[in-house]
Amino acid sequence: MINKNVDIAIPLLWGEEHFVKNEWGAINYLVGPNGTGKSLLAEQIKNHFNGGGFTPRYLNAERLIGLEKSETARYGGAGLKKGFDVTYLEGYKSIAETSGLSSSAIVILKQRLDIRIKIEALLSDIFEKKIRLVEEGGFIKPKMQDIEAGKEYNLSESECHGLKELITLLTFLYDPAKNCIIFDEPELHLHPQFQSFFLQEIRKIAGNPLEDPSKKMFFIITHSPYFIDLKSLDELSNILVCHFNKVPTYVGELEAQDQYIINKFIPRFNTHHKQFFFSPNPVFVEGYTDQQIISILFEKLGINIGASGSCIIDVGGKDELGVFFRLCNALQINCRIIADLDAVFRGKLREVVCEDERSQSYVQEQGIGANLSEEIGDLEAHLSSIATYISTQELHLPHLIDLKAKIDSFPVDKEHSKRVAVLLAISKHEADIRASLNAENIANLNLIIGRLSQLFNAFKACNTFIFPKGEIEHYYTQSAVNYLSITNKDTYFHAERDFLLQVETQQEIQDNYPELTEILREAVPVVDIEILKHVKFEIFEWIHRVQTGVAKGEINNVDDLIRDAKTNYSLYSQILELQEFTIEDDRTFECQIIISDTITADRPVVIFNQLTNAHNFEI
């Protein structure tokens, strides 16, 4: 760890709050949604690391200014089209450093043969290209050559953005003049493979420059999961998550059990899992089948969950669900969990939900009991009592015989599985189970039914949503799933997925999955983009123009309405279509328009006349 006391205030973003951090990694990450102030934070970090042995360099997201493809006249750009004036090389470096630009990398390559050799080796061996810095008329101009084709061309005008990025980024990476580099969105224009390549080059020289002058410290502002490369648990605390209107957060000390689970998970921590660092509302599910089915359902329902910053992430197990839940709480990320019914009775998720202040507050406010854990324990005792009673009875109905056999098949240490089996049976065959119980267990059954929805609501209080029917497979419609024993999950999944992919209407989804879609709509935040609300204001303006034109005698027929400059139908016809227009001698009129199908497929009709209050009409 690198010890450096940093205390940053940005009132525009955080009000009176301060961001404070005293321990840093060799590679630090700034992540979060657009507009959360990552670049502003980076500029402040640069100021704090300026001095005390640190020499910082900040490369902003607009760093290629001066190396654009072509000049854009009055709008600026391509300012180095002629090349770099040899009499002003240090000036270029100074201006570029002040402005966070990377164009001065060309000057560094001219001055540093050792760096240029590294870049040339990279270009030759990976891209089969050469770079040559040509001096023409007092200007240095970078030129590229394709080794196979042999033709030479100007770097700025004819080379791709990705290679320009890689050349300049690597130049600053290798340049020993700076030992603290801040890269703002280094992934810009880079193929994912070269993002990974660049990160590995960073890792080679990452370290504490105060202890080893050959090492450098890095800050990476990124939206790319390819740049989040966690090798150990310690590196987790180096990720700063930026938020809207509150200070960035990072993971502090973790409990021993959480450390153990995360250490086991890190080797399979892939780019899909890393999405949660970038999402303000990530949704975690246990397995890939849940992730696939839920994602397809949202797509078929016409709900773009990305609008609310959500994504569906499968993590592989109940304990992992609990750990990601706790990580998100530590980072103040508003995560959601969708879990199977058995998560109520075992695993890390149950533990962290029971500890959460939101679930505890719900239990106390509703007068359910002292705390959630005790209430679940009480429910478990009643379920175990019913399971034990059923196990001792002679039953005649086939589904109850199956339930008894299922209960008897579990070993002693799988008591939670017996409880889940009883709950599943209650959800499908409550009347038959009730008829088979004695008075004591009927009372237990009544308590279970009355208490279960309250417990589910306690879980919902901390954004954890349970499948009441068991698992997502219990909501499938294309396979005959044995609710007590799901043994062909992969087969069922593919049958369901194939069916979903060919469904054409939202109504068909609603009809086939009413309970599941209700759970999902509640579990995942949905932003409805109300385009008609905004269209309404424009139509309000147009109605008023038509009313005024008719009243003044400027509009007397359809042709007048279409040609009138004030009504500007040629513009408004982009959002509406004139259907009918009739006008009487007394200047009363009726106009019917229909909303364009480029706005909405529903195409609502609007009818108005001289008395219509444009402020109050409805679409």
# chains A, B, ... in the order shown; residues from 1 in each chain; ligands from 1
>>> select_by_dssp(residues="range 305-352 of chain A", states="strand (DSSP E)", output="ChimeraX atom specification")
/A:310-314,336-339
>>> residues_around(residues="Ile448 in chain A", least_positions_apart="4", cutoff="12 Å", atoms="only C-alpha atoms", output="mmCIF file with C-alpha atoms, in the first residue's frame")
data_model
loop_
_atom_site.group_PDB
_atom_site.id
_atom_site.type_symbol
_atom_site.label_atom_id
_atom_site.label_comp_id
_atom_site.auth_asym_id
_atom_site.auth_seq_id
_atom_site.Cartn_x
_atom_site.Cartn_y
_atom_site.Cartn_z
ATOM 1 C CA GLU A 375 -39.039 -14.942 12.910
ATOM 2 C CA ILE A 376 -37.466 -17.133 10.237
ATOM 3 C CA GLY A 377 -36.379 -19.537 12.976
ATOM 4 C CA ASP A 378 -39.936 -19.686 14.276
ATOM 5 C CA LEU A 379 -41.250 -20.360 10.765
ATOM 6 C CA GLU A 380 -38.662 -23.117 10.355
ATOM 7 C CA ALA A 381 -39.857 -24.828 13.546
ATOM 8 C CA HIS A 382 -43.458 -24.895 12.282
ATOM 9 C CA LEU A 383 -42.390 -26.216 8.882
ATOM 10 C CA SER A 384 -40.283 -28.932 10.514
ATOM 11 C CA SER A 385 -43.243 -29.930 12.667
ATOM 12 C CA ILE A 386 -45.442 -30.371 9.575
ATOM 13 C CA ARG A 419 -38.884 -27.198 4.941
ATOM 14 C CA VAL A 422 -43.272 -28.492 2.550
ATOM 15 C CA LEU A 423 -43.536 -24.856 1.433
ATOM 16 C CA ILE A 426 -48.352 -25.793 0.397
ATOM 17 C CA SER A 427 -48.182 -23.409 -2.559
ATOM 18 C CA GLU A 430 -52.737 -26.319 0.422
ATOM 19 C CA ASN A 441 -50.237 -28.705 12.608
ATOM 20 C CA ILE A 442 -53.262 -26.992 11.074
ATOM 21 C CA ALA A 443 -52.456 -24.176 13.485
ATOM 22 C CA ASN A 444 -48.832 -24.338 12.304
ATOM 23 C CA LEU A 452 -44.723 -15.975 4.971
ATOM 24 C CA SER A 453 -45.750 -12.946 2.935
ATOM 25 C CA GLN A 454 -44.574 -10.696 5.778
ATOM 26 C CA LEU A 455 -41.160 -12.351 5.711
ATOM 27 C CA PHE A 456 -40.977 -11.936 1.943
#
>>> atom_distance(atom1="CA of Leu611 in chain A", atom2="CA of Ile595 in chain A")
20.9 Å
>>> closest_residue(among="A:Glu211, A:Asp234, A:Glu440, A:Asp597", to="Asn179 in chain A", atoms="only C-alpha atoms")
A:Glu211
>>> closest_residue(among="A:Ala435, A:Val550, A:Ile293, A:Leu501", to="Tyr476 in chain A", atoms="only C-alpha atoms")
A:Ile293
>>> closest_residue(among="A:Leu41, A:Cys328, A:Ala495, A:Ile296", to="Gly252 in chain A", atoms="only C-alpha atoms")
A:Cys328
>>> residues_around(residues="Tyr88 in chain A", least_positions_apart="4", cutoff="12 Å", atoms="only C-alpha atoms", output="ChimeraX atom specification")
/A:83-84,92-95,104,107,138-140
>>> write_last_selection(atoms="N, CA and C atoms", output="mmCIF file, in the first residue's frame")
data_model
loop_
_atom_site.group_PDB
_atom_site.id
_atom_site.type_symbol
_atom_site.label_atom_id
_atom_site.label_comp_id
_atom_site.auth_asym_id
_atom_site.auth_seq_id
_atom_site.Cartn_x
_atom_site.Cartn_y
_atom_site.Cartn_z
ATOM 1 N N GLY A 83 2.705 19.509 -38.356
ATOM 2 C CA GLY A 83 3.719 18.835 -37.559
ATOM 3 C C GLY A 83 4.082 19.649 -36.334
ATOM 4 N N PHE A 84 5.170 19.279 -35.677
ATOM 5 C CA PHE A 84 5.610 19.928 -34.440
ATOM 6 C C PHE A 84 6.803 20.833 -34.737
ATOM 7 N N TYR A 92 5.236 22.587 -26.522
ATOM 8 C CA TYR A 92 4.196 21.596 -26.774
ATOM 9 C C TYR A 92 3.982 20.718 -25.545
ATOM 10 N N LYS A 93 5.081 20.287 -24.960
ATOM 11 C CA LYS A 93 4.991 19.396 -23.798
ATOM 12 C C LYS A 93 4.314 20.099 -22.629
ATOM 13 N N SER A 94 4.640 21.362 -22.432
ATOM 14 C CA SER A 94 4.066 22.118 -21.314
ATOM 15 C C SER A 94 2.567 22.329 -21.499
ATOM 16 N N ILE A 95 2.181 22.746 -22.710
ATOM 17 C CA ILE A 95 0.752 22.988 -22.974
ATOM 18 C C ILE A 95 -0.036 21.686 -22.888
ATOM 19 N N SER A 104 1.786 15.491 -27.119
ATOM 20 C CA SER A 104 3.211 15.683 -26.827
ATOM 21 C C SER A 104 3.963 14.366 -26.758
ATOM 22 N N VAL A 107 6.603 14.334 -29.270
ATOM 23 C CA VAL A 107 7.833 15.039 -28.883
ATOM 24 C C VAL A 107 8.703 14.138 -28.019
ATOM 25 N N GLY A 138 11.457 22.325 -40.764
ATOM 26 C CA GLY A 138 11.429 22.778 -39.379
ATOM 27 C C GLY A 138 10.293 22.198 -38.554
ATOM 28 N N PHE A 139 9.581 21.220 -39.118
ATOM 29 C CA PHE A 139 8.489 20.583 -38.388
ATOM 30 C C PHE A 139 8.725 19.075 -38.314
ATOM 31 N N ILE A 140 8.436 18.506 -37.154
ATOM 32 C CA ILE A 140 8.499 17.061 -36.985
ATOM 33 C C ILE A 140 7.119 16.493 -37.289
#
>>> decode(residues="range 453-502 of chain A", atoms="C-alpha atoms", output="JSON list (two decimals), in the first residue's frame")
[["chain", "number", "residue", "atom", "x", "y", "z"],
["A", 453, "SER", "CA", -45.75, -12.95, 2.94],
["A", 454, "GLN", "CA", -44.57, -10.70, 5.78],
["A", 455, "LEU", "CA", -41.16, -12.35, 5.71],
["A", 456, "PHE", "CA", -40.98, -11.94, 1.94],
["A", 457, "ASN", "CA", -41.80, -8.26, 2.41],
["A", 458, "ALA", "CA", -39.02, -7.96, 5.00],
["A", 459, "PHE", "CA", -36.62, -9.28, 2.37],
["A", 460, "LYS", "CA", -38.05, -6.83, -0.17],
["A", 461, "ALA", "CA", -37.36, -3.99, 2.27],
["A", 462, "CYS", "CA", -33.68, -4.47, 1.49],
["A", 463, "ASN", "CA", -34.21, -5.10, -2.24],
["A", 464, "THR", "CA", -34.11, -8.91, -2.03],
["A", 465, "PHE", "CA", -36.88, -10.63, -3.95],
["A", 466, "ILE", "CA", -37.70, -14.29, -3.40],
["A", 467, "PHE", "CA", -39.39, -16.63, -5.89],
["A", 468, "PRO", "CA", -42.36, -17.76, -3.71],
["A", 469, "LYS", "CA", -42.94, -20.82, -5.90],
["A", 470, "GLY", "CA", -39.36, -22.02, -5.39],
["A", 471, "GLU", "CA", -37.04, -21.43, -8.38],
["A", 472, "ILE", "CA", -37.39, -19.76, -11.75],
["A", 473, "GLU", "CA", -38.08, -23.20, -13.27],
["A", 474, "HIS", "CA", -41.33, -23.34, -11.29],
["A", 475, "TYR", "CA", -42.57, -20.49, -13.51],
["A", 476, "TYR", "CA", -41.72, -22.22, -16.79],
["A", 477, "THR", "CA", -44.64, -22.97, -19.09],
["A", 478, "GLN", "CA", -43.07, -25.11, -21.81],
["A", 479, "SER", "CA", -42.09, -28.16, -19.74],
["A", 480, "ALA", "CA", -43.80, -30.42, -17.22],
["A", 481, "VAL", "CA", -41.55, -29.54, -14.27],
["A", 482, "ASN", "CA", -41.74, -31.74, -11.16],
["A", 483, "TYR", "CA", -42.03, -29.06, -8.52],
["A", 484, "LEU", "CA", -40.39, -31.26, -5.85],
["A", 485, "SER", "CA", -37.45, -32.41, -7.98],
["A", 486, "ILE", "CA", -36.09, -30.42, -10.91],
["A", 487, "THR", "CA", -33.61, -32.79, -12.53],
["A", 488, "ASN", "CA", -33.44, -31.59, -16.15],
["A", 489, "LYS", "CA", -32.70, -27.90, -15.69],
["A", 490, "ASP", "CA", -30.64, -27.54, -18.84],
["A", 491, "THR", "CA", -33.30, -29.19, -21.02],
["A", 492, "TYR", "CA", -36.07, -27.12, -19.45],
["A", 493, "PHE", "CA", -34.04, -23.93, -19.86],
["A", 494, "HIS", "CA", -33.45, -24.39, -23.58],
["A", 495, "ALA", "CA", -37.10, -25.22, -24.21],
["A", 496, "GLU", "CA", -38.17, -22.08, -22.35],
["A", 497, "ARG", "CA", -35.56, -19.90, -23.99],
["A", 498, "ASP", "CA", -36.50, -21.08, -27.48],
["A", 499, "PHE", "CA", -40.16, -20.33, -26.77],
["A", 500, "LEU", "CA", -39.40, -16.87, -25.42],
["A", 501, "LEU", "CA", -37.28, -15.94, -28.41],
["A", 502, "GLN", "CA", -40.13, -16.62, -30.82]]
